[in-house]
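The next block holds one structure in the form of structure tokens; read it before the comments.
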Amino acid sequence: MRIYDDIQLDYCDVLLRPKRSTLASRSEVDVTRNYTFKWCPRTLNATGIVAANMATTGTFEIAREMQKQHLMSALHKHYSAEELIQFLKDNAKEFGSNDLLFVSSGVSDADFEKLTRVMDEKLCANICVDVANGYSPYLINYIRKVHKAWPQALIMAGNVVTGDMCEDLILNGADIVKVGIGPGSVCTTRKLTGVGRPQFSTVIECADAAHGVGGMICADGGCTVPGDVCKSFCAGADFVMLGGMLAGHAESGGEMHTKAFQTGEVNMIDDKTCAMKIEEKQYKIFYGMSSQYAQDKHYGGMKKYRASEGKVVELPFRGPIEPTLLALLGGMRSCMTYIGAKRLKDMPKCATFYRVNRQLNTIFGNEQ
Ligand code: 5GP
């Protein structure tokens with residue numbers, strides 16, 4: 001039996017060491033990067049944060065808000081080809097191009113057919129090929145097929161967590177490998193299967209392997225606060241994909257509902273009468289794409305041989321997404337000034353980490 005003894009770390013196990021820096025202010029840093037790729041001949045200027053291609057976060061509405069901040073979006077695959085084409089036409093008029101968007105695909109023949117219909121319109125040539133288990137031979141074969149069909153396309157594919165598999169995917173046509181098995185906020189894969197790897201260590205190993213063969217990685221899942229996104233870029237991620245951090249907003253998918261709560265407080269009506277105070281709160285559903293809920297909603301029920309690998313949560317409604325995105329970018333700018341990174345690309349070069357036992361003081365709760 002082989003056991004890897006090296007300690008495997010998550011974002012919560014590390015903190016960045018501040019460094020002397022010549023940067024006087026946050027406004028001096030550049031959170032964008034000019035990306036050039038191994039296979040795709042196009043270049044891209046973006047802040048490499050990508051909305052996850054989940055039905056709740058890969059929405060047209062979130063994509064619009066992300067692009068306003070120069071951020072990216074992987075549109076979910078439950079839109080029809082017609083809906084995608086119409087959106088891409090409108091979006092190209094609004095933003096000048098669809099360069100910051102990915103069209104998502106599974107690896108079945110039906111997925112390829114749908115992808116072909118969208119690609120034939122020549123509106124967007126960024127493709128996100130997504131399977132839960134990137135170690136399946138179906139993924140490599142599908143990437144080869146997509147790369148052959150559209151050699152100019154930017155191909156992101158995953159998910160895997162080891163350097164060897166990143167290299168394989170890149171050498172077979174992927175420009176970006178999506179890494180992460182089990183770190184997601186609504187993922188139960190680790191519980192159900194015992195498979196997974198702490199995300200910070202995954203990012204370090206996969207970035208090193210991918211960069212070695214001229215490719216890139218997208219760290220997918222496990223970011224809970226802007227600081228985690230900063231740590232991910234610093235660990236070597238070229239792109240960082242977010243689900244939970246973008247969920248529960250006005251632009252997110254998922255049903256909304258209102259609940260009434262009887263609080264301990266009372267409203268005084270006059271000297272002698274009082275009434276219980278009732279508070280109403282709004283919630284939005286967020287669910288894993290392998291959850292029973294998602295299987296029922298998008299695939300007409302769960303197949304007998306499958307088990308749910310995702311959960312359903314009710315998030316307190318967070319209002320419009322813009323303040324969340326601005327806080328995220330603000331956090332990144334501040335991190336860059338702390339570590340002396342003038343450009344997004346410089347973050348790993350400037351980063352040194354402390355391994356920690358505790359990173360937050362939670363005496364007054366963990367909400368803000
Ligand atoms: P988050 O940012 O919420 O921590 O993670 C988002 C990522 O979780 C997604 O991009 C996707 O890779 C992963 N994910 C989404 N739904 C599920 C699911 O039902 N099961 C598993 N195992 N992973 C999921």
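Residues are named by chain letter and number: chains run A, B, ... in the order of the structure tokens, numbers start at 1 in each chain, and ligands are numbered from 1 in the order shown.
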Long-range neighbours of Asn45 in chain A as number ranges by chain, 9 Å cut-off, only C-alpha atoms, 3 positions minimum in chain: A: 32-35, 48, 70, 99-100
What residues have any atom no more than 9 Å from ligand 1 when counting only C-alpha atoms and all ligand atoms, and can you list them as a ChimeraX atom specification? /A:51-54,130-132,158-159,178-190,219-224,240-247,287-292,294,308-312
If you count only C-alpha atoms, which residues fall within 10 Å of Ala24 in chain A, apart from same-chain ones fewer than 3 positions away, as JSON, numbers by chain? {"A": [21, 27, 28, 29, 337, 340]}
Write a file of the just-selected residues containing N, CA and C atoms, as a PDB file, in the first residue's frame.
```
ATOM      1  N   SER A  21       7.367  46.607  -0.245  1.00  0.00           N
ATOM      2  CA  SER A  21       6.933  46.777  -1.633  1.00  0.00           C
ATOM      3  C   SER A  21       7.067  48.233  -2.036  1.00  0.00           C
ATOM      4  N   SER A  27      -4.353  51.353  -6.304  1.00  0.00           N
ATOM      5  CA  SER A  27      -4.702  51.730  -7.677  1.00  0.00           C
ATOM      6  C   SER A  27      -3.526  51.503  -8.631  1.00  0.00           C
ATOM      7  N   GLU A  28      -2.343  51.245  -8.084  1.00  0.00           N
ATOM      8  CA  GLU A  28      -1.178  51.028  -8.954  1.00  0.00           C
ATOM      9  C   GLU A  28      -1.102  49.610  -9.510  1.00  0.00           C
ATOM     10  N   VAL A  29      -1.913  48.695  -8.975  1.00  0.00           N
ATOM     11  CA  VAL A  29      -1.781  47.311  -9.419  1.00  0.00           C
ATOM     12  C   VAL A  29      -2.724  47.010 -10.572  1.00  0.00           C
ATOM     13  N   THR A 337      -0.863  44.604  -3.234  1.00  0.00           N
ATOM     14  CA  THR A 337      -0.007  45.634  -2.621  1.00  0.00           C
ATOM     15  C   THR A 337       0.727  45.069  -1.395  1.00  0.00           C
ATOM     16  N   GLY A 340       3.516  42.958  -2.891  1.00  0.00           N
ATOM     17  CA  GLY A 340       4.391  43.651  -3.848  1.00  0.00           C
ATOM     18  C   GLY A 340       4.260  43.158  -5.277  1.00  0.00           C
TER      19      GLY A 340
END
```
Which of these, A:Asp271, A:Asp10, A:Glu314, A:Asp168, has the shortest distance to Val203 in chain A once you count only C-alpha atoms? A:Asp10
Could you check how far CA of Ser201 in chain A sits from CA of Met332 in chain A, in Å to one decimal?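 Going from CA of Ser201 in chain A over to CA of Met332 in chain A covers 20.5 Å.
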Write out as a PDB file with N, CA, C and O atoms, in the first residue's frame each polymer residue whose atoms come within 8 Å of Met216 in chain A, counting only C-alpha atoms; drop sequence neighbours fewer than 2 positions from it.
```
ATOM      1  N   PHE A  37      -1.781  31.229 -25.233  1.00  0.00           N
ATOM      2  CA  PHE A  37      -2.071  29.819 -24.944  1.00  0.00           C
ATOM      3  C   PHE A  37      -1.201  28.859 -25.745  1.00  0.00           C
ATOM      4  O   PHE A  37      -0.578  29.250 -26.728  1.00  0.00           O
ATOM      5  N   ASP A 175      -5.935  23.737 -23.556  1.00  0.00           N
ATOM      6  CA  ASP A 175      -5.081  24.899 -23.230  1.00  0.00           C
ATOM      7  C   ASP A 175      -5.046  25.099 -21.722  1.00  0.00           C
ATOM      8  O   ASP A 175      -4.044  25.516 -21.163  1.00  0.00           O
ATOM      9  N   ILE A 176      -6.197  24.855 -21.099  1.00  0.00           N
ATOM     10  CA  ILE A 176      -6.344  25.087 -19.655  1.00  0.00           C
ATOM     11  C   ILE A 176      -6.930  23.818 -19.033  1.00  0.00           C
ATOM     12  O   ILE A 176      -7.932  23.291 -19.538  1.00  0.00           O
ATOM     13  N   VAL A 177      -6.336  23.348 -17.941  1.00  0.00           N
ATOM     14  CA  VAL A 177      -6.904  22.192 -17.245  1.00  0.00           C
ATOM     15  C   VAL A 177      -7.595  22.664 -15.971  1.00  0.00           C
ATOM     16  O   VAL A 177      -7.013  23.422 -15.185  1.00  0.00           O
ATOM     17  N   ALA A 207      -0.288  23.383 -11.323  1.00  0.00           N
ATOM     18  CA  ALA A 207       0.230  24.561 -12.024  1.00  0.00           C
ATOM     19  C   ALA A 207       1.645  24.264 -12.516  1.00  0.00           C
ATOM     20  O   ALA A 207       1.987  24.540 -13.676  1.00  0.00           O
ATOM     21  N   ALA A 210       1.416  21.782 -15.463  1.00  0.00           N
ATOM     22  CA  ALA A 210       0.813  22.375 -16.661  1.00  0.00           C
ATOM     23  C   ALA A 210       1.766  23.388 -17.295  1.00  0.00           C
ATOM     24  O   ALA A 210       1.988  23.384 -18.509  1.00  0.00           O
ATOM     25  N   HIS A 211       2.359  24.242 -16.471  1.00  0.00           N
ATOM     26  CA  HIS A 211       3.265  25.263 -17.004  1.00  0.00           C
ATOM     27  C   HIS A 211       4.476  24.614 -17.672  1.00  0.00           C
ATOM     28  O   HIS A 211       5.004  25.123 -18.659  1.00  0.00           O
ATOM     29  N   GLY A 214       3.653  23.984 -21.173  1.00  0.00           N
ATOM     30  CA  GLY A 214       3.120  25.130 -21.920  1.00  0.00           C
ATOM     31  C   GLY A 214       1.633  25.368 -21.742  1.00  0.00           C
ATOM     32  O   GLY A 214       1.040  26.156 -22.481  1.00  0.00           O
ATOM     33  N   CYS A 218      -6.970  26.092 -14.285  1.00  0.00           N
ATOM     34  CA  CYS A 218      -8.045  26.853 -13.660  1.00  0.00           C
ATOM     35  C   CYS A 218      -8.368  26.131 -12.361  1.00  0.00           C
ATOM     36  O   CYS A 218      -8.767  24.957 -12.386  1.00  0.00           O
ATOM     37  N   ALA A 237      -2.335  29.365  -9.840  1.00  0.00           N
ATOM     38  CA  ALA A 237      -3.507  29.225 -10.720  1.00  0.00           C
ATOM     39  C   ALA A 237      -3.504  30.362 -11.739  1.00  0.00           C
ATOM     40  O   ALA A 237      -3.235  31.520 -11.398  1.00  0.00           O
ATOM     41  N   ASP A 238      -3.786  30.026 -12.985  1.00  0.00           N
ATOM     42  CA  ASP A 238      -3.898  31.062 -14.027  1.00  0.00           C
ATOM     43  C   ASP A 238      -5.319  31.609 -14.050  1.00  0.00           C
ATOM     44  O   ASP A 238      -5.537  32.778 -14.361  1.00  0.00           O
TER      45      ASP A 238
END
```
Which residue is closest to Ile140 in chain A? Choose from A:Gly173, A:Gly163, A:Gly300, A:Gly196 and count only C-alpha atoms. A:Gly173
Residue neighbourhood Asp346 in chain A, 9 Å, only C-alpha atoms, exclusion window fewer than 5 positions, as a PyMOL selection string: chain A and resi 234+336+340-341+351
Could you save those same residues with N, CA and C atoms as a PDB file, in the first residue's frame?
```pdb
ATOM      1  N   CYS A 234      -1.822  33.074  -6.145  1.00  0.00           N
ATOM      2  CA  CYS A 234      -0.450  33.069  -5.643  1.00  0.00           C
ATOM      3  C   CYS A 234       0.167  31.672  -5.709  1.00  0.00           C
ATOM      4  N   MET A 336      -2.313  42.246  -3.581  1.00  0.00           N
ATOM      5  CA  MET A 336      -1.165  42.512  -4.463  1.00  0.00           C
ATOM      6  C   MET A 336      -0.263  43.596  -3.888  1.00  0.00           C
ATOM      7  N   GLY A 340       3.516  42.958  -2.891  1.00  0.00           N
ATOM      8  CA  GLY A 340       4.391  43.651  -3.848  1.00  0.00           C
ATOM      9  C   GLY A 340       4.260  43.158  -5.277  1.00  0.00           C
ATOM     10  N   ALA A 341       3.070  42.661  -5.638  1.00  0.00           N
ATOM     11  CA  ALA A 341       2.857  42.197  -7.019  1.00  0.00           C
ATOM     12  C   ALA A 341       2.165  43.293  -7.817  1.00  0.00           C
ATOM     13  N   ALA A 351       4.833  35.591  -4.012  1.00  0.00           N
ATOM     14  CA  ALA A 351       4.183  34.982  -2.848  1.00  0.00           C
ATOM     15  C   ALA A 351       5.103  34.088  -2.032  1.00  0.00           C
TER      16      ALA A 351
END
```
Just give me the gap between CA of Lys303 in chain A and CA of Gly254 in chain A in Å, one decimal is fine.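 Rounded to one decimal, the two atoms are 22.5 Å apart.
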For CA of Ser80 in chain A and CA of Phe102 in chain A, the interatomic separation in Å (one decimal): 14.6 Å
Find the residues near range 255-270 of chain A: any atom within 7 Å, counting only C-alpha atoms, skip ones fewer than 3 places away on the same chain, and give them as a list in words. Thr273, Cys274, Ala275, Met276, Lys277, Ile278, Glu279, Glu280, Lys281, Gln282, Tyr283, Lys284 and Ile285 of chain A
For the selection you just gave me, I'd like the residues written to a file as a compact mmCIF listing (two decimals), in the first residue's frame, keeping N, CA, C and O atoms.
```
# COMPACT_ATOMS: atom_id res chain seq x y z
N THR A 273 -49.81 45.90 26.21
CA THR A 273 -49.83 44.86 25.15
C THR A 273 -48.54 44.87 24.33
O THR A 273 -47.95 45.92 24.07
N CYS A 274 -48.21 43.69 23.99
CA CYS A 274 -47.04 43.58 23.12
C CYS A 274 -47.31 42.47 22.11
O CYS A 274 -48.20 41.64 22.30
N ALA A 275 -46.57 42.48 21.03
CA ALA A 275 -46.75 41.44 20.01
C ALA A 275 -45.39 40.84 19.67
O ALA A 275 -44.37 41.53 19.74
N MET A 276 -45.42 39.57 19.35
CA MET A 276 -44.19 38.90 18.94
C MET A 276 -43.68 39.54 17.64
O MET A 276 -44.49 39.85 16.76
N LYS A 277 -42.39 39.70 17.56
CA LYS A 277 -41.85 40.30 16.34
C LYS A 277 -41.61 39.18 15.30
O LYS A 277 -40.99 38.17 15.61
N ILE A 278 -42.16 39.40 14.13
CA ILE A 278 -41.97 38.42 13.05
C ILE A 278 -41.02 39.04 12.01
O ILE A 278 -41.18 40.19 11.63
N GLU A 279 -40.05 38.27 11.62
CA GLU A 279 -39.10 38.77 10.62
C GLU A 279 -39.20 37.93 9.37
O GLU A 279 -39.28 36.70 9.46
N GLU A 280 -39.18 38.57 8.22
CA GLU A 280 -39.20 37.81 6.98
C GLU A 280 -37.82 37.80 6.37
O GLU A 280 -37.14 38.83 6.35
N LYS A 281 -37.40 36.65 5.88
CA LYS A 281 -36.10 36.58 5.22
C LYS A 281 -36.25 35.87 3.89
O LYS A 281 -37.02 34.92 3.78
N GLN A 282 -35.49 36.35 2.90
CA GLN A 282 -35.55 35.72 1.57
C GLN A 282 -34.38 34.78 1.38
O GLN A 282 -33.26 35.06 1.84
N TYR A 283 -34.64 33.68 0.70
CA TYR A 283 -33.60 32.67 0.45
C TYR A 283 -33.56 32.30 -1.02
O TYR A 283 -34.55 32.41 -1.72
N LYS A 284 -32.37 31.88 -1.44
CA LYS A 284 -32.25 31.39 -2.81
C LYS A 284 -31.58 30.02 -2.77
O LYS A 284 -30.60 29.82 -2.05
N ILE A 285 -32.11 29.09 -3.56
CA ILE A 285 -31.57 27.72 -3.58
C ILE A 285 -30.27 27.68 -4.40
O ILE A 285 -30.16 28.31 -5.45
```
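Distances here use only C-alpha atoms; by that measure, the residue among A:Cys230, A:Val146, A:Val213, A:Ile85 closest to Gly106 in chain A is A:Val146.
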Range 33-164 of chain A: residues DSSP assigns to strand (DSSP E), reported as a ChimeraX atom specification: /A:33-36,43-46,49-51,72-75,101-105,126-130,154-160
